[in-house]
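K.L.:
Here it is, the structure, as structure tokens.
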Number of protein chains: 2
Amino acid sequence: MADIKVEYMACPIRQIISRFGDKWSLLVLYGIDRSETGVMRFNELRRMMTDCSQKMLSQTLKNLEHYNLVHREVYPEVPPRVEYSLTETGRSLMPSLHQLIQWALDHFDDVVSRQVIIK
Amino acid sequence: MADIKVEYMACPIRQIISRFGDKWSLLVLYGIDRSETGVMRFNELRRMMTDCSQKMLSQTLKNLEHYNLVHREVYPEVPPRVEYSLTETGRSLMPSLHQLIQWALDHFDDVVSRQVIIK
DNA sequence: CGGCATCCGATGCGATACTG
DNA sequence: CAGTATCGCATCGGATGCCG
């Protein structure tokens with residue numbers, strides 16, 4: 001998401017939006033958190049998010065790793081195995097995320113059922 | 001934000017992101033909520049969000065009105081006066097939003113201080 | 001298996017000018 | 001005051017192909 005002027009860098013809302021307001025980030029976090037082991041492999045995530053392209057999943061994971069929400073563990077095997085898990089910081093976001101999801105469920109009729117504005 | 005495949009329309013995270021994950025929506029909601037009267041006029045919002053263009057503010061407000069988060073009250077005067085306030089649904093989102101902001105503040109060092117990835 | 005590189009269309013968003 | 005209209009660039013994101 002786009003830049004933020006330097007003088008507004010301290011605004012926490014902007015920070016959240018600019019980092020996790022994209023199309024897939026929250027879904028990845030939620031997916032990993034919900035998994036039984038707390039760990040997911042790349043293609044496991046792909047199967048969960050069937051309409052997310054490989055490119056975007058890869059990009060999203062790299063982004064989340066950069067912001068210290070997701071940990072990437074590479075096992076030097078053949079074939080290669082890479083496991084993604086939540087960091088401590090990532091887990092700490094979950095209560096807020098769940099509350100947001102609950103809000104969406106509670107207000108599905110008020111908000112979500114309305115058609116997305118085209119153009 | 002982009003479309004969501006029909007078979008995933010029920011996913012609440014996607015719904016939230018597709019509607020309020022844009023650059024300005026949450027900031028508008030937060031701004032109106034924080035105002036003393038609970039009501040803000042168009043140019044009042046503009047002054048608060050100095051780096052938001054008029055076009056985007058207008059578009060964002062229309063969007064929030066469509067999703068029943070913001071109420072638009074027009075007073076037939078000259079010069080015209082338009083007041084924006086939160087709907088009941090909009091107010092109901094605030095606890096979740098505040099929790100999210102608090103999370104951002106708590107984890108500023110972990111997350112927010114990291115440079116936004118360029119390209 | 002878990003990616004990256006490239007191309008390209010769709011959308012987001014800002015700048016500017018104009019209006020009731 | 002509170003917007004709308006138009007233009008144009010920048011970014012998002014999907015499709016495809018290649019690689020260790």
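Letters A, B, ... go to the chains of the structure tokens in the order shown; residues in each chain start at 1; ligands are counted from 1 in the same order.
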If we count only C-alpha atoms (C1' of nucleotides), what is near region 77-90 of chain A at a cut-off of 10 Å, once residues fewer than 4 positions away on the same chain are taken out, given as a short mmCIF file (atom, residue, chain, number, x, y, z; two decimals) with N, CA and C atoms (P, O5', C5', C4', C3', O3' and C1' of nucleotides), in the first residue's frame?
P.N.:
```cif
data_model
loop_
_atom_site.label_atom_id
_atom_site.label_comp_id
_atom_site.auth_asym_id
_atom_site.auth_seq_id
_atom_site.Cartn_x
_atom_site.Cartn_y
_atom_site.Cartn_z
N VAL A 28 -3.64 -15.08 5.89
CA VAL A 28 -2.49 -15.94 6.17
C VAL A 28 -2.31 -16.10 7.67
N LEU A 29 -2.33 -14.99 8.38
CA LEU A 29 -2.16 -15.04 9.83
C LEU A 29 -3.23 -15.90 10.48
N TYR A 30 -4.44 -15.69 10.06
CA TYR A 30 -5.56 -16.44 10.61
C TYR A 30 -5.42 -17.93 10.29
N ILE A 32 -2.65 -19.74 9.64
CA ILE A 32 -1.58 -20.37 10.41
C ILE A 32 -2.01 -20.56 11.87
N ASP A 33 -2.65 -19.53 12.40
CA ASP A 33 -3.08 -19.60 13.79
C ASP A 33 -4.09 -20.71 14.01
N SER A 35 -4.41 -23.49 12.32
CA SER A 35 -3.95 -24.85 12.04
C SER A 35 -3.64 -25.58 13.35
N THR A 37 -1.26 -27.65 14.24
CA THR A 37 0.12 -27.66 14.71
C THR A 37 0.69 -26.26 14.93
N GLY A 38 -0.01 -25.26 14.41
CA GLY A 38 0.53 -23.90 14.49
C GLY A 38 1.61 -23.65 13.46
N VAL A 39 1.76 -24.61 12.56
CA VAL A 39 2.80 -24.53 11.53
C VAL A 39 2.18 -24.91 10.20
N MET A 40 2.51 -24.17 9.17
CA MET A 40 2.00 -24.52 7.85
C MET A 40 3.08 -24.40 6.79
N ARG A 41 3.03 -25.31 5.80
CA ARG A 41 3.97 -25.26 4.69
C ARG A 41 3.38 -24.43 3.56
N PHE A 42 4.24 -24.10 2.62
CA PHE A 42 3.84 -23.20 1.55
C PHE A 42 2.62 -23.70 0.77
N ASN A 43 2.71 -24.94 0.30
CA ASN A 43 1.61 -25.46 -0.51
C ASN A 43 0.37 -25.76 0.32
N GLU A 44 0.57 -25.93 1.61
CA GLU A 44 -0.57 -26.10 2.52
C GLU A 44 -1.38 -24.81 2.57
N LEU A 45 -0.66 -23.70 2.63
CA LEU A 45 -1.33 -22.41 2.60
C LEU A 45 -2.02 -22.18 1.25
N LEU A 61 3.87 -13.59 2.43
CA LEU A 61 4.66 -14.24 3.47
C LEU A 61 5.97 -13.49 3.73
N LEU A 64 5.10 -10.44 5.75
CA LEU A 64 4.79 -10.74 7.15
C LEU A 64 6.05 -11.14 7.92
N GLU A 65 6.96 -11.80 7.22
CA GLU A 65 8.22 -12.16 7.86
C GLU A 65 9.03 -10.90 8.17
N TYR A 67 7.97 -7.99 8.81
CA TYR A 67 7.39 -7.23 9.93
C TYR A 67 7.32 -8.06 11.20
N ASN A 68 7.98 -9.19 11.18
CA ASN A 68 8.15 -9.99 12.39
C ASN A 68 6.84 -10.57 12.93
N LEU A 69 5.93 -10.87 12.02
CA LEU A 69 4.69 -11.51 12.44
C LEU A 69 4.72 -13.00 12.14
N VAL A 70 5.53 -13.38 11.18
CA VAL A 70 5.60 -14.78 10.78
C VAL A 70 7.07 -15.23 10.78
N HIS A 71 7.28 -16.43 11.26
CA HIS A 71 8.63 -16.99 11.26
C HIS A 71 8.75 -18.03 10.15
N ARG A 72 9.86 -17.97 9.42
CA ARG A 72 10.09 -18.87 8.29
C ARG A 72 11.24 -19.80 8.63
N GLU A 73 10.94 -21.08 8.68
CA GLU A 73 11.97 -22.07 9.03
C GLU A 73 12.23 -22.97 7.83
N MET A 94 -3.62 -11.80 17.45
CA MET A 94 -4.80 -12.65 17.24
C MET A 94 -6.05 -12.22 18.01
N TRP B 103 -2.89 -2.35 20.08
CA TRP B 103 -1.91 -3.37 19.69
C TRP B 103 -0.74 -2.73 18.94
N ASP B 106 1.45 -0.95 21.33
CA ASP B 106 2.21 -1.89 22.16
C ASP B 106 3.37 -2.51 21.41
N HIS B 107 3.19 -2.68 20.08
CA HIS B 107 4.20 -3.40 19.31
C HIS B 107 4.89 -2.50 18.30
N ASP B 110 8.39 -3.65 17.59
CA ASP B 110 8.46 -4.92 16.89
C ASP B 110 8.12 -4.81 15.42
N VAL B 111 7.16 -3.99 15.11
CA VAL B 111 6.55 -4.01 13.79
C VAL B 111 6.67 -2.69 13.08
P DC C 1 4.96 -31.41 -4.16
"O5'" DC C 1 6.11 -30.63 -3.40
"C5'" DC C 1 6.69 -31.12 -2.23
"C4'" DC C 1 7.64 -30.06 -1.78
"C3'" DC C 1 6.96 -28.70 -1.54
"O3'" DC C 1 7.46 -28.18 -0.31
"C1'" DC C 1 8.67 -28.48 -3.19
P DG C 2 6.74 -26.95 0.41
"O5'" DG C 2 7.52 -25.69 -0.19
"C5'" DG C 2 8.92 -25.60 0.05
"C4'" DG C 2 9.49 -24.49 -0.77
"C3'" DG C 2 8.70 -23.16 -0.68
"O3'" DG C 2 9.61 -22.09 -0.54
"C1'" DG C 2 9.01 -23.74 -2.89
P DG D 20 19.14 -23.34 -11.64
"O5'" DG D 20 19.46 -23.59 -10.08
"C5'" DG D 20 19.13 -22.64 -9.09
"C4'" DG D 20 18.92 -23.32 -7.75
"C3'" DG D 20 19.83 -24.54 -7.52
"O3'" DG D 20 20.16 -24.61 -6.13
"C1'" DG D 20 17.58 -25.25 -7.52
#
```
K.L.:
Any idea what's packed within 12 Å of Lys55 (chain A), counting only C-alpha atoms (C1' of nucleotides), ignoring anything in its chain fewer than 3 positions away? Could you give it as a PyMOL selection string?
P.N.:
(chain A and resi 24+42+46+51-52+58-62) or (chain C and resi 2-6) or (chain D and resi 12-16)
K.L.:
Those same residues, written as a PDB file, in the first residue's frame with C-alpha atoms (C1' of nucleotides)?
P.N.:
```
ATOM      1  CA  TRP A  24      -4.085 -11.579   1.903  1.00  0.00           C
ATOM      2  CA  PHE A  42       3.836 -23.197   1.547  1.00  0.00           C
ATOM      3  CA  ARG A  46      -1.923 -22.432  -1.132  1.00  0.00           C
ATOM      4  CA  ASP A  51      -7.867 -18.009  -5.123  1.00  0.00           C
ATOM      5  CA  CYS A  52      -4.570 -16.482  -4.057  1.00  0.00           C
ATOM      6  CA  SER A  58       4.953 -15.627  -1.593  1.00  0.00           C
ATOM      7  CA  GLN A  59       4.962 -11.860  -1.468  1.00  0.00           C
ATOM      8  CA  THR A  60       2.580 -11.774   1.478  1.00  0.00           C
ATOM      9  CA  LEU A  61       4.662 -14.235   3.474  1.00  0.00           C
ATOM     10  CA  LYS A  62       7.826 -12.287   2.804  1.00  0.00           C
TER      11      LYS A  62
ATOM     12  C1'  DG C   2       9.007 -23.744  -2.894  1.00  0.00           C
ATOM     13  C1'  DG C   3       9.836 -20.453  -4.979  1.00  0.00           C
ATOM     14  C1'  DC C   4      11.451 -16.098  -8.653  1.00  0.00           C
ATOM     15  C1'  DA C   5      11.091 -13.305 -13.231  1.00  0.00           C
ATOM     16  C1'  DT C   6       8.357 -11.246 -16.571  1.00  0.00           C
TER      17       DT C   6
ATOM     18  C1'  DC D  12      -1.728  -4.314  -7.276  1.00  0.00           C
ATOM     19  C1'  DG D  13      -2.286  -8.625  -8.606  1.00  0.00           C
ATOM     20  C1'  DG D  14      -3.143 -12.615 -12.054  1.00  0.00           C
ATOM     21  C1'  DA D  15      -1.015 -15.700 -15.786  1.00  0.00           C
ATOM     22  C1'  DT D  16       2.670 -17.896 -17.443  1.00  0.00           C
TER      23       DT D  16
END
```
K.L.:
Using only C-alpha atoms (C1' of nucleotides), which residues sit within 12 Å of DC7 (chain D) once same-chain residues fewer than 6 positions away are excluded, as a short mmCIF file (atom, residue, chain, number, x, y, z; two decimals) with N, CA, C and O atoms (P, O5', C5', C4', C3', O3' and C1' of nucleotides), in the first residue's frame?
P.N.:
```cif
data_model
loop_
_atom_site.label_atom_id
_atom_site.label_comp_id
_atom_site.auth_asym_id
_atom_site.auth_seq_id
_atom_site.Cartn_x
_atom_site.Cartn_y
_atom_site.Cartn_z
P DG C 14 -4.13 9.70 -2.29
"O5'" DG C 14 -3.47 10.73 -3.31
"C5'" DG C 14 -2.14 10.50 -3.76
"C4'" DG C 14 -1.79 11.49 -4.87
"C3'" DG C 14 -2.12 12.94 -4.55
"O3'" DG C 14 -1.06 13.78 -5.01
"C1'" DG C 14 -3.23 12.29 -6.54
P DA C 15 -1.12 15.37 -4.74
"O5'" DA C 15 -1.50 15.97 -6.17
"C5'" DA C 15 -0.87 15.45 -7.34
"C4'" DA C 15 -1.17 16.36 -8.53
"C3'" DA C 15 -1.49 17.82 -8.18
"O3'" DA C 15 -0.92 18.68 -9.16
"C1'" DA C 15 -3.38 16.80 -9.21
P DT C 16 -1.07 20.26 -9.02
"O5'" DT C 16 -2.31 20.62 -9.95
"C5'" DT C 16 -2.39 20.07 -11.27
"C4'" DT C 16 -3.78 20.28 -11.85
"C3'" DT C 16 -4.39 21.66 -11.58
"O3'" DT C 16 -4.48 22.38 -12.81
"C1'" DT C 16 -5.99 19.92 -11.33
P DA C 17 -5.02 23.93 -12.82
"O5'" DA C 17 -6.53 23.74 -13.31
"C5'" DA C 17 -6.81 22.87 -14.41
"C4'" DA C 17 -8.32 22.67 -14.53
"C3'" DA C 17 -9.13 23.96 -14.34
"O3'" DA C 17 -10.06 24.11 -15.41
"C1'" DA C 17 -9.96 22.24 -12.95
#
```
K.L.:
So how far away is CA of Ile17 (chain A) from CA of Gly21 (chain B), in Å?
P.N.:
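That distance, rounded to one decimal, is 6.5 Å.
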K.L.:
May I have a table of the residues of chain B lying at most 8 Å from chain A, giving each one's closest pair of atoms and their distance in Å to one decimal, counting only C-alpha atoms, ordered by chain and ascending residue number, as CSV?
P.N.:
```
residue,atom,partner,partner_atom,distance
B:Met1,CA,A:Lys23,CA,7.7
B:Ala2,CA,A:Lys23,CA,7.9
B:Lys5,CA,A:Asp51,CA,7.4
B:Pro12,CA,A:Ala104,CA,5.8
B:Ile13,CA,A:Ile101,CA,6.2
B:Arg14,CA,A:Leu27,CA,7.5
B:Gln15,CA,A:Val112,CA,6.3
B:Ile16,CA,A:Ala104,CA,7.0
B:Ile17,CA,A:Gly21,CA,6.5
B:Ser18,CA,A:Lys23,CA,7.4
B:Arg19,CA,A:Val116,CA,7.5
B:Gly21,CA,A:Gly21,CA,5.0
B:Asp22,CA,A:Gly21,CA,7.0
B:Lys23,CA,A:Ile17,CA,6.7
B:Leu26,CA,A:Ile13,CA,7.1
B:Leu27,CA,A:Ile13,CA,6.7
B:Asp51,CA,A:Lys5,CA,7.5
B:Asn63,CA,A:Ile117,CA,7.6
B:His66,CA,A:Arg114,CA,7.9
B:Tyr67,CA,A:Val111,CA,5.1
B:Asn68,CA,A:Val111,CA,6.3
B:Leu69,CA,A:Val111,CA,7.8
B:Thr89,CA,A:Asp110,CA,7.2
B:Ser92,CA,A:Trp103,CA,8.0
B:Leu93,CA,A:Trp103,CA,6.9
B:Ser96,CA,A:Leu100,CA,5.7
B:Leu97,CA,A:Leu100,CA,7.9
B:Gln99,CA,A:Ser96,CA,6.1
B:Leu100,CA,A:Ser96,CA,5.7
B:Ile101,CA,A:Pro12,CA,5.9
B:Trp103,CA,A:Leu93,CA,6.9
B:Ala104,CA,A:Pro12,CA,5.8
B:Leu105,CA,A:Pro12,CA,6.6
B:His107,CA,A:Thr89,CA,7.4
B:Asp110,CA,A:Asn68,CA,6.8
B:Val111,CA,A:Tyr67,CA,5.1
B:Val112,CA,A:Gln15,CA,6.4
B:Arg114,CA,A:Tyr67,CA,6.5
B:Val116,CA,A:Arg19,CA,7.5
B:Ile117,CA,A:Asn63,CA,7.6
```
K.L.:
Put those residues in a file: N, CA, C and O atoms, as a compact mmCIF listing (two decimals), in the first residue's frame.
P.N.:
```txt
# COMPACT_ATOMS: atom_id res chain seq x y z
N MET B 1 -11.13 -2.29 -3.25
CA MET B 1 -10.25 -3.47 -3.32
C MET B 1 -10.88 -4.54 -4.22
O MET B 1 -12.06 -4.49 -4.52
N ALA B 2 -10.10 -5.46 -4.58
CA ALA B 2 -10.51 -6.36 -5.65
C ALA B 2 -11.65 -7.30 -5.26
O ALA B 2 -12.07 -7.38 -4.11
N LYS B 5 -13.99 -14.20 -4.82
CA LYS B 5 -14.75 -15.27 -5.45
C LYS B 5 -16.01 -15.58 -4.65
O LYS B 5 -16.01 -15.57 -3.42
N PRO B 12 -15.34 -13.73 6.79
CA PRO B 12 -15.48 -12.39 7.36
C PRO B 12 -14.23 -11.53 7.22
O PRO B 12 -14.32 -10.32 7.09
N ILE B 13 -13.06 -12.16 7.24
CA ILE B 13 -11.84 -11.36 7.10
C ILE B 13 -11.81 -10.68 5.75
O ILE B 13 -11.52 -9.49 5.63
N ARG B 14 -12.12 -11.46 4.72
CA ARG B 14 -12.13 -10.90 3.37
C ARG B 14 -13.11 -9.75 3.26
O ARG B 14 -12.86 -8.76 2.58
N GLN B 15 -14.23 -9.91 3.91
CA GLN B 15 -15.25 -8.87 3.87
C GLN B 15 -14.75 -7.57 4.48
O GLN B 15 -14.95 -6.48 3.93
N ILE B 16 -14.09 -7.70 5.61
CA ILE B 16 -13.58 -6.50 6.28
C ILE B 16 -12.55 -5.82 5.40
O ILE B 16 -12.62 -4.61 5.13
N ILE B 17 -11.59 -6.61 4.95
CA ILE B 17 -10.51 -6.04 4.14
C ILE B 17 -11.04 -5.37 2.88
O ILE B 17 -10.64 -4.26 2.53
N SER B 18 -11.95 -6.04 2.21
CA SER B 18 -12.42 -5.50 0.94
C SER B 18 -13.19 -4.20 1.11
O SER B 18 -13.32 -3.43 0.17
N ARG B 19 -13.69 -3.96 2.31
CA ARG B 19 -14.51 -2.77 2.50
C ARG B 19 -13.81 -1.64 3.24
O ARG B 19 -13.98 -0.48 2.90
N GLY B 21 -10.34 -1.86 4.22
CA GLY B 21 -8.89 -2.03 4.20
C GLY B 21 -8.21 -0.99 3.34
O GLY B 21 -7.01 -1.08 3.11
N ASP B 22 -8.94 -0.03 2.86
CA ASP B 22 -8.33 0.96 2.00
C ASP B 22 -7.55 1.99 2.82
O ASP B 22 -7.43 1.89 4.03
N LYS B 23 -7.05 2.99 2.14
CA LYS B 23 -6.07 3.88 2.77
C LYS B 23 -6.67 4.81 3.81
O LYS B 23 -5.99 5.28 4.71
N LEU B 26 -10.57 3.76 7.88
CA LEU B 26 -10.47 3.67 9.33
C LEU B 26 -10.12 5.01 9.95
O LEU B 26 -10.58 5.34 11.05
N LEU B 27 -9.32 5.78 9.23
CA LEU B 27 -8.93 7.09 9.75
C LEU B 27 -10.13 8.02 9.84
O LEU B 27 -10.27 8.79 10.80
N ASP B 51 -3.17 15.03 4.23
CA ASP B 51 -2.56 14.42 3.05
C ASP B 51 -3.53 13.53 2.28
O ASP B 51 -3.12 12.74 1.44
N ASN B 63 -18.36 5.64 0.37
CA ASN B 63 -18.20 4.21 0.63
C ASN B 63 -18.70 3.83 2.02
O ASN B 63 -19.48 2.89 2.20
N HIS B 66 -22.36 3.99 2.24
CA HIS B 66 -22.98 2.85 1.57
C HIS B 66 -23.01 1.61 2.47
O HIS B 66 -23.97 0.84 2.47
N TYR B 67 -21.95 1.43 3.25
CA TYR B 67 -21.88 0.26 4.12
C TYR B 67 -22.47 0.53 5.50
O TYR B 67 -22.23 -0.24 6.44
N ASN B 68 -23.17 1.63 5.60
CA ASN B 68 -23.94 1.91 6.81
C ASN B 68 -23.07 2.13 8.05
O ASN B 68 -23.48 1.81 9.16
N LEU B 69 -21.88 2.65 7.84
CA LEU B 69 -21.03 2.97 8.99
C LEU B 69 -21.06 4.45 9.32
O LEU B 69 -20.78 4.85 10.44
N THR B 89 -24.00 1.04 13.79
CA THR B 89 -23.05 0.02 13.36
C THR B 89 -21.62 0.55 13.39
O THR B 89 -20.70 -0.14 13.82
N SER B 92 -20.32 0.60 16.77
CA SER B 92 -20.07 -0.75 17.30
C SER B 92 -18.70 -1.29 16.87
O SER B 92 -18.20 -2.24 17.45
N LEU B 93 -18.14 -0.67 15.84
CA LEU B 93 -16.83 -1.12 15.37
C LEU B 93 -15.70 -0.55 16.22
O LEU B 93 -14.58 -1.08 16.25
N SER B 96 -13.31 -2.64 18.68
CA SER B 96 -12.33 -3.45 17.95
C SER B 96 -11.23 -2.59 17.37
O SER B 96 -10.04 -2.95 17.41
N LEU B 97 -11.61 -1.45 16.85
CA LEU B 97 -10.62 -0.55 16.25
C LEU B 97 -9.65 -0.03 17.30
O LEU B 97 -8.43 0.00 17.07
N GLN B 99 -8.86 -1.48 20.04
CA GLN B 99 -7.98 -2.58 20.46
C GLN B 99 -6.85 -2.78 19.45
O GLN B 99 -5.71 -3.02 19.82
N LEU B 100 -7.19 -2.63 18.19
CA LEU B 100 -6.19 -2.75 17.14
C LEU B 100 -5.14 -1.65 17.26
O LEU B 100 -3.94 -1.88 17.11
N ILE B 101 -5.60 -0.45 17.52
CA ILE B 101 -4.69 0.68 17.68
C ILE B 101 -3.78 0.45 18.88
O ILE B 101 -2.58 0.71 18.83
N TRP B 103 -2.89 -2.35 20.08
CA TRP B 103 -1.91 -3.37 19.69
C TRP B 103 -0.74 -2.73 18.94
O TRP B 103 0.42 -3.04 19.19
N ALA B 104 -1.09 -1.84 18.01
CA ALA B 104 -0.06 -1.17 17.23
C ALA B 104 0.87 -0.36 18.14
O ALA B 104 2.09 -0.35 17.94
N LEU B 105 0.30 0.30 19.11
CA LEU B 105 1.12 1.07 20.04
C LEU B 105 2.01 0.16 20.87
O LEU B 105 3.19 0.43 21.07
N HIS B 107 3.19 -2.68 20.08
CA HIS B 107 4.20 -3.40 19.31
C HIS B 107 4.89 -2.50 18.30
O HIS B 107 5.37 -2.97 17.28
N ASP B 110 8.39 -3.65 17.59
CA ASP B 110 8.46 -4.92 16.89
C ASP B 110 8.12 -4.81 15.42
O ASP B 110 8.70 -5.48 14.57
N VAL B 111 7.16 -3.99 15.11
CA VAL B 111 6.55 -4.01 13.79
C VAL B 111 6.67 -2.69 13.08
O VAL B 111 7.22 -2.59 11.99
N VAL B 112 6.15 -1.66 13.73
CA VAL B 112 5.93 -0.41 13.04
C VAL B 112 7.24 0.29 12.70
O VAL B 112 7.35 0.95 11.68
N ARG B 114 9.86 -0.97 11.68
CA ARG B 114 10.53 -1.54 10.52
C ARG B 114 10.14 -0.80 9.25
O ARG B 114 8.98 -0.49 9.05
N VAL B 116 8.98 0.19 5.73
CA VAL B 116 8.06 -0.36 4.75
C VAL B 116 8.87 -0.85 3.57
O VAL B 116 9.81 -0.17 3.12
N ILE B 117 8.58 -2.03 3.12
CA ILE B 117 9.30 -2.59 1.98
C ILE B 117 9.02 -1.76 0.73
O ILE B 117 7.87 -1.54 0.38
```
K.L.:
List every residue of region 1-114 of chain A that DSSP, applied to the backbone of this structure, assigns to strand (DSSP E or B), and report them as a VMD selection string.
P.N.:
chain A and resid 39 to 41 70 to 75 81 to 86
K.L.:
Emit the selected residues as a JSON list (two decimals), in the first residue's frame, including C-alpha atoms.
P.N.:
```json
[["chain", "number", "residue", "atom", "x", "y", "z"],
["A", 39, "VAL", "CA", 2.80, -24.53, 11.53],
["A", 40, "MET", "CA", 2.00, -24.52, 7.85],
["A", 41, "ARG", "CA", 3.97, -25.26, 4.69],
["A", 70, "VAL", "CA", 5.60, -14.78, 10.78],
["A", 71, "HIS", "CA", 8.63, -16.99, 11.26],
["A", 72, "ARG", "CA", 10.09, -18.87, 8.29],
["A", 73, "GLU", "CA", 11.97, -22.07, 9.03],
["A", 74, "VAL", "CA", 13.86, -23.75, 6.20],
["A", 75, "TYR", "CA", 14.87, -27.42, 6.47],
["A", 81, "ARG", "CA", 10.64, -28.12, 3.25],
["A", 82, "VAL", "CA", 9.72, -24.68, 4.55],
["A", 83, "GLU", "CA", 7.49, -24.17, 7.54],
["A", 84, "TYR", "CA", 5.73, -20.96, 8.50],
["A", 85, "SER", "CA", 4.59, -20.18, 12.02],
["A", 86, "LEU", "CA", 3.48, -17.14, 13.96]]
```
K.L.:
Compile the residues of chain D that lie within 8 Å of chain B, evaluated using only C-alpha atoms (C1' of nucleotides), and express the compilation as a list in words.
P.N.:
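Going by the stated atoms only, the list reads DC1, DA2 and DG3 of chain D.
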K.L.:
Check chain B with DSSP on the backbone and list each residue it calls helix (DSSP H, G or I), as a ChimeraX atom specification.
P.N.:
/B:6-8,12-20,25-34,42-48,54-66,88-106,108-112
K.L.:
Residues of chain C within 10 Å of chain B, counting only C-alpha atoms (C1' of nucleotides), what are they? List them as a PDB file with C-alpha atoms (C1' of nucleotides), in the first residue's frame.
P.N.:
```pdb
ATOM      1  C1'  DA C  10      -7.154  -3.564 -13.648  1.00  0.00           C
ATOM      2  C1'  DT C  11      -7.433  -0.593  -9.967  1.00  0.00           C
ATOM      3  C1'  DG C  12      -5.903   3.067  -6.610  1.00  0.00           C
ATOM      4  C1'  DC C  13      -4.921   7.416  -5.911  1.00  0.00           C
ATOM      5  C1'  DG C  14      -3.231  12.287  -6.539  1.00  0.00           C
ATOM      6  C1'  DA C  15      -3.382  16.804  -9.210  1.00  0.00           C
ATOM      7  C1'  DG C  20     -24.407  24.488  -7.569  1.00  0.00           C
TER       8       DG C  20
END
```
K.L.:
In Å, rounded to a single decimal, give me how far C1' of DA5 (chain D) is from C1' of DT19 (chain C).
P.N.:
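These atoms are spaced 10.1 Å apart.
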K.L.:
Do you have the C1' of DC19 (chain D)-CA of Met48 (chain A) distance handy?
P.N.:
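Answer for the C1' of DC19 (chain D) to CA of Met48 (chain A) separation: 25.0 Å.
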